[in-house]
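Undergrad: The structure's right below; bear with me while I get my questions together.
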Amino acid sequence: MPSPAPASLPPNPENVSNSLVTTLHWRPAGLLAGFSATRPEPSVPELRHVGEHFAPSNWEIGRHRHGGWEIYLQVGGSSEWRQGRRVHRVDGNGACAVAPGVMHELARRPNADHHYAFAIVDVDAVCSRMPELSPAWSTEEPFRVFPGDRLVAPFRRVLEEASVRASFRNRALRLAVEQLVVVATRELTGASWEKVLSAPRVVEEARRLMDARPAEPWKLASLARAVGVSQSHLGALFTKSVGIAPHRYLLERRIALAKEWLLETDRPITSIALDVGFASSQHFAKAFRNATGVSARLFRRGVRS
């Protein structure tokens, strides 16, 4: 959080006696948007701290450590973290896992606004229910960087359940935390993925890329290169398997993400438009109205067509 760092870090539940811990949601001073929460659901104590931050370029995070594993996802921008004498770089849609008690800090201020999510998890508690996961978290490597594309969806579930009041929230949040740990375990161990009874591999890979990085200026050519087939082959196969063309799928993903941010944050609409991948606020306004029947401003106010 903003400078000066160590003394002004927001309260972490691992630093407070259990008898004094209460659920706390807040926005650290200086954020563009987002939230932090300690113990968002008392009946799910394995989730100790969670948050999503849209941070400015002058953002600083001083030396700190956690009482549980930190699972961190760099949604947009990049960051460099100092742990001991080592500096670890986490690029957009990259992730890292930091072991309990390991001191770390931002090595330098980011050179642009950036967006990240994090969860401090008592992984031992999760592994007590799923002991087969334990070996991946029993390591002498205290700071591990790994691909984060597949963490995007489980993180969204954790963040959503941690920031709403809804029936069966405790059960939903526990399941979301467990899914996050399972997916992180797969990525940490380099587990293989094999789709069965689903769309062809190249279609699934193209969808995964657009789901994970909707703000990128994907064209059919760049998407085809990324999955290793020709443009014509990918276009025909994608449309046959999914029912819509890749460019339409990407547009729907961007609109869906914009709707989430309109409802869950108070970020300026123009900023949201650019961050989800639209070239201009005018382009976004037209696409949003065509997709929803109302303007983004009215949608944020709860007006539906």
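In the structure tokens, the first chain shown is A, the next is B, and so on; residue numbers restart at 1 for each chain, and ligands run from 1 in the order shown.
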Give me the residues within 12 Å of Ile272 in chain A as a VMD selection string, counting only C-alpha atoms and dropping any in the same chain fewer than 2 places off.
TA: chain A and resid 32 to 33 54 115 215 254 to 270 274 to 281 284 to 285 288 296 to 297
Undergrad: Quick one: everything within 7 Å of range 131-143 of chain A, counting only C-alpha atoms, minus sequence neighbours fewer than 6 positions away in the same chain. Send it as an NGL selection string.
TA: :A and (96-99 or 102 or 185 or 188-189)
Undergrad: Interatomic distance between CA of Val182 in chain A and CA of Arg144 in chain A?
TA: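 Interatomic distance, CA of Val182 in chain A to CA of Arg144 in chain A: 16.0 Å.
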Undergrad: Skip Arg85 in chain A itself and residues of its chain fewer than 2 positions away, then list as JSON, numbers by chain all residues within 12 Å of it, counting only C-alpha atoms.
TA: {"A": [81, 82, 83, 87, 88, 103, 104, 105, 107, 143]}
Undergrad: Can you spit out the residues from that selection as a PDB file, in the first residue's frame, using N, CA and C atoms?
TA:
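Once everything was written out, this is selection.pdb:
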```pdb
ATOM      1  N   TRP A  81       9.214  -8.173  -7.311  1.00  0.00           N
ATOM      2  CA  TRP A  81       9.177  -8.387  -5.877  1.00  0.00           C
ATOM      3  C   TRP A  81      10.557  -8.791  -5.370  1.00  0.00           C
ATOM      4  N   ARG A  82      10.969  -8.155  -4.284  1.00  0.00           N
ATOM      5  CA  ARG A  82      12.246  -8.504  -3.660  1.00  0.00           C
ATOM      6  C   ARG A  82      11.988  -9.455  -2.495  1.00  0.00           C
ATOM      7  N   GLN A  83      12.663 -10.572  -2.518  1.00  0.00           N
ATOM      8  CA  GLN A  83      12.591 -11.559  -1.430  1.00  0.00           C
ATOM      9  C   GLN A  83      14.030 -11.944  -1.108  1.00  0.00           C
ATOM     10  N   VAL A  87      15.151 -10.940  -6.835  1.00  0.00           N
ATOM     11  CA  VAL A  87      14.042 -10.149  -7.362  1.00  0.00           C
ATOM     12  C   VAL A  87      13.275 -11.015  -8.349  1.00  0.00           C
ATOM     13  N   HIS A  88      11.968 -11.102  -8.152  1.00  0.00           N
ATOM     14  CA  HIS A  88      11.109 -11.946  -8.979  1.00  0.00           C
ATOM     15  C   HIS A  88      10.166 -11.036  -9.767  1.00  0.00           C
ATOM     16  N   MET A 103       9.451 -12.838   4.174  1.00  0.00           N
ATOM     17  CA  MET A 103       9.429 -11.389   4.035  1.00  0.00           C
ATOM     18  C   MET A 103       9.632 -11.017   2.561  1.00  0.00           C
ATOM     19  N   HIS A 104       8.790 -10.116   2.046  1.00  0.00           N
ATOM     20  CA  HIS A 104       8.931  -9.678   0.657  1.00  0.00           C
ATOM     21  C   HIS A 104       8.364  -8.272   0.523  1.00  0.00           C
ATOM     22  N   GLU A 105       8.697  -7.604  -0.580  1.00  0.00           N
ATOM     23  CA  GLU A 105       8.257  -6.238  -0.822  1.00  0.00           C
ATOM     24  C   GLU A 105       8.356  -5.949  -2.313  1.00  0.00           C
ATOM     25  N   ALA A 107       9.947  -4.447  -5.290  1.00  0.00           N
ATOM     26  CA  ALA A 107      11.335  -4.025  -5.484  1.00  0.00           C
ATOM     27  C   ALA A 107      11.415  -2.594  -5.994  1.00  0.00           C
ATOM     28  N   PHE A 143       9.368 -18.607  -2.793  1.00  0.00           N
ATOM     29  CA  PHE A 143       8.720 -17.643  -3.686  1.00  0.00           C
ATOM     30  C   PHE A 143       8.760 -18.254  -5.086  1.00  0.00           C
TER      31      PHE A 143
END
```
Undergrad: Name the residues of range 126-298 of chain A that come out as strand (DSSP E) in a backbone DSSP run; write them as a VMD selection string.
TA: chain A and resid 143 to 147
Undergrad: List the spatial neighbours of Ser43 in chain A as a PyMOL selection string - criterion: any atom at most 9 Å away, only C-alpha atoms, same-chain residues fewer than 2 positions off excluded.
TA: chain A and resi 39+41+45-46+170-171+174
Undergrad: Which residues are near Ala162 in chain A? Cut-off 10 Å, only C-alpha atoms, ignore same chain within fewer than 5 positions. Put them as a PyMOL selection string.
TA: chain A and resi 25+36-41+47+49-51+156-157+169-170+172-173+176
Undergrad: Can you measure CA of Ser78 in chain A to CA of His114 in chain A for me? One decimal in Å is fine.
TA: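 Atom-to-atom, CA of Ser78 in chain A and CA of His114 in chain A are spaced 6.8 Å apart.
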Undergrad: CA of Arg109 in chain A and CA of Val158 in chain A are how many Å apart?
TA: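 Separation of CA of Arg109 in chain A and CA of Val158 in chain A: 27.1 Å.
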